[in-house]
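Take a look at the structure set out below.
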Amino acid sequence: ARVAAGAVARKIIPGVSIKGALVQMGPHKIDRTNWDWTEVDRNPFFTPDARAAKFYEDYLDGIRKAGSSIGAVIEVTASGVPAGWGAPVYGKLDQDLASAMMSINAVKGVEIGAGFESATLSGEQNADEIRMHHGKQEFLSNHAGGILGGISTGQDVVVRFAVKPTSSILSTRKTVTSSGEDADIMTKGRHDPCVGIRAVPVGEAMMAIVLADHFLRHRGQVG
């Protein structure tokens, strides 16, 4: 249902390109120097790093055979978003994006732009400086993820979210019964070793839905 709604939302925001990719599985991050968007559609992991995709094949197969599961990090980028979408206090663009991504099943963390890494940066390092280029203002970096003060800057809007390991694993885990007695439990039947893979198109859809909402709000305010 989310992906279907996202398809409609994309038609409301022409000129905006939204792409998602798996950038980390378990502790294994992709090599960003190998980033190739065309590679995303060539492997079952939606990852832009061909070498990482090859590694993930054996890695995830081992996880599956062990009856366990692993988490993942998904990155979604929206290009072509004009400056001015969003609000400075209530209804911030990044606030709504964080809420939308957190609403996806199994998501446990969301970050915009540099995200948690920004806590390690100094003010000078984190600042997205501006210079004139061919008569137009141009940002020299995008630590803010395309959103400043809750409003889009015209840069790429970049969101990442963390998906937890699937809880339905074949290993025996400790639990308690409804009557309060200690017990062991083991999930049987279908087993998904990394649900984060399937979250890529869902993340794209949620990005589209939020941007469509903000486009319509902006049009309602300024025409």
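Naming works like this for the structure tokens: A, B, ... for the chains as they're shown, residue 1 at the start of each chain, ligands 1 onward in shown order.
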Nearby residues (only C-alpha atoms) at most 7 Å from region 32-41 of chain A, same-chain spacing under 4 positions excluded, as an MDAnalysis selection string: chainID A and resid 21 46:50
Using only C-alpha atoms, what does the table of region 25-85 of chain A residues within 9 Å of region 161-175 of chain A look like, with each row giving the shortest atom pair and its distance in Å to one decimal, sorted by chain and ascending number, as CSV?
```
residue,atom,partner,partner_atom,distance
A:Gly26,CA,A:Pro165,CA,8.6
A:Ala66,CA,A:Leu170,CA,8.1
A:Gly67,CA,A:Leu170,CA,4.7
A:Ser68,CA,A:Ile169,CA,5.2
A:Ser69,CA,A:Pro165,CA,5.3
A:Ile70,CA,A:Pro165,CA,4.4
A:Gly71,CA,A:Pro165,CA,4.1
A:Ala72,CA,A:Val163,CA,5.3
A:Val73,CA,A:Ala162,CA,4.5
A:Ile74,CA,A:Phe161,CA,5.4
A:Glu75,CA,A:Phe161,CA,6.7
A:Val76,CA,A:Phe161,CA,8.6
```
Polymer residues at most 9 Å from Ala4 (chain A), only C-alpha atoms, same-chain spacing of 4 or more positions, as a VMD selection string: chain A and resid 8 to 9 205
Pairwise distance for CA of Gln125 (chain A) and CA of Thr153 (chain A), rounded to one decimal in Å: 18.4 Å
Alpha helix (DSSP H) per DSSP on the backbone: members of region 101-178 of chain A, as a list in words: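 Listing alpha helix (DSSP H) positions across region 101-178 of chain A yields Met101, Met102, Gly123, Glu124, Gln125 and Asn126 of chain A.
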Strand (DSSP E or B) per DSSP on the backbone: members of chain A, as number ranges by chain: A: 17-25, 28-29, 72-79, 86, 107-112, 130-133, 136-139, 147-148, 151-152, 157-163, 173-176, 182-185
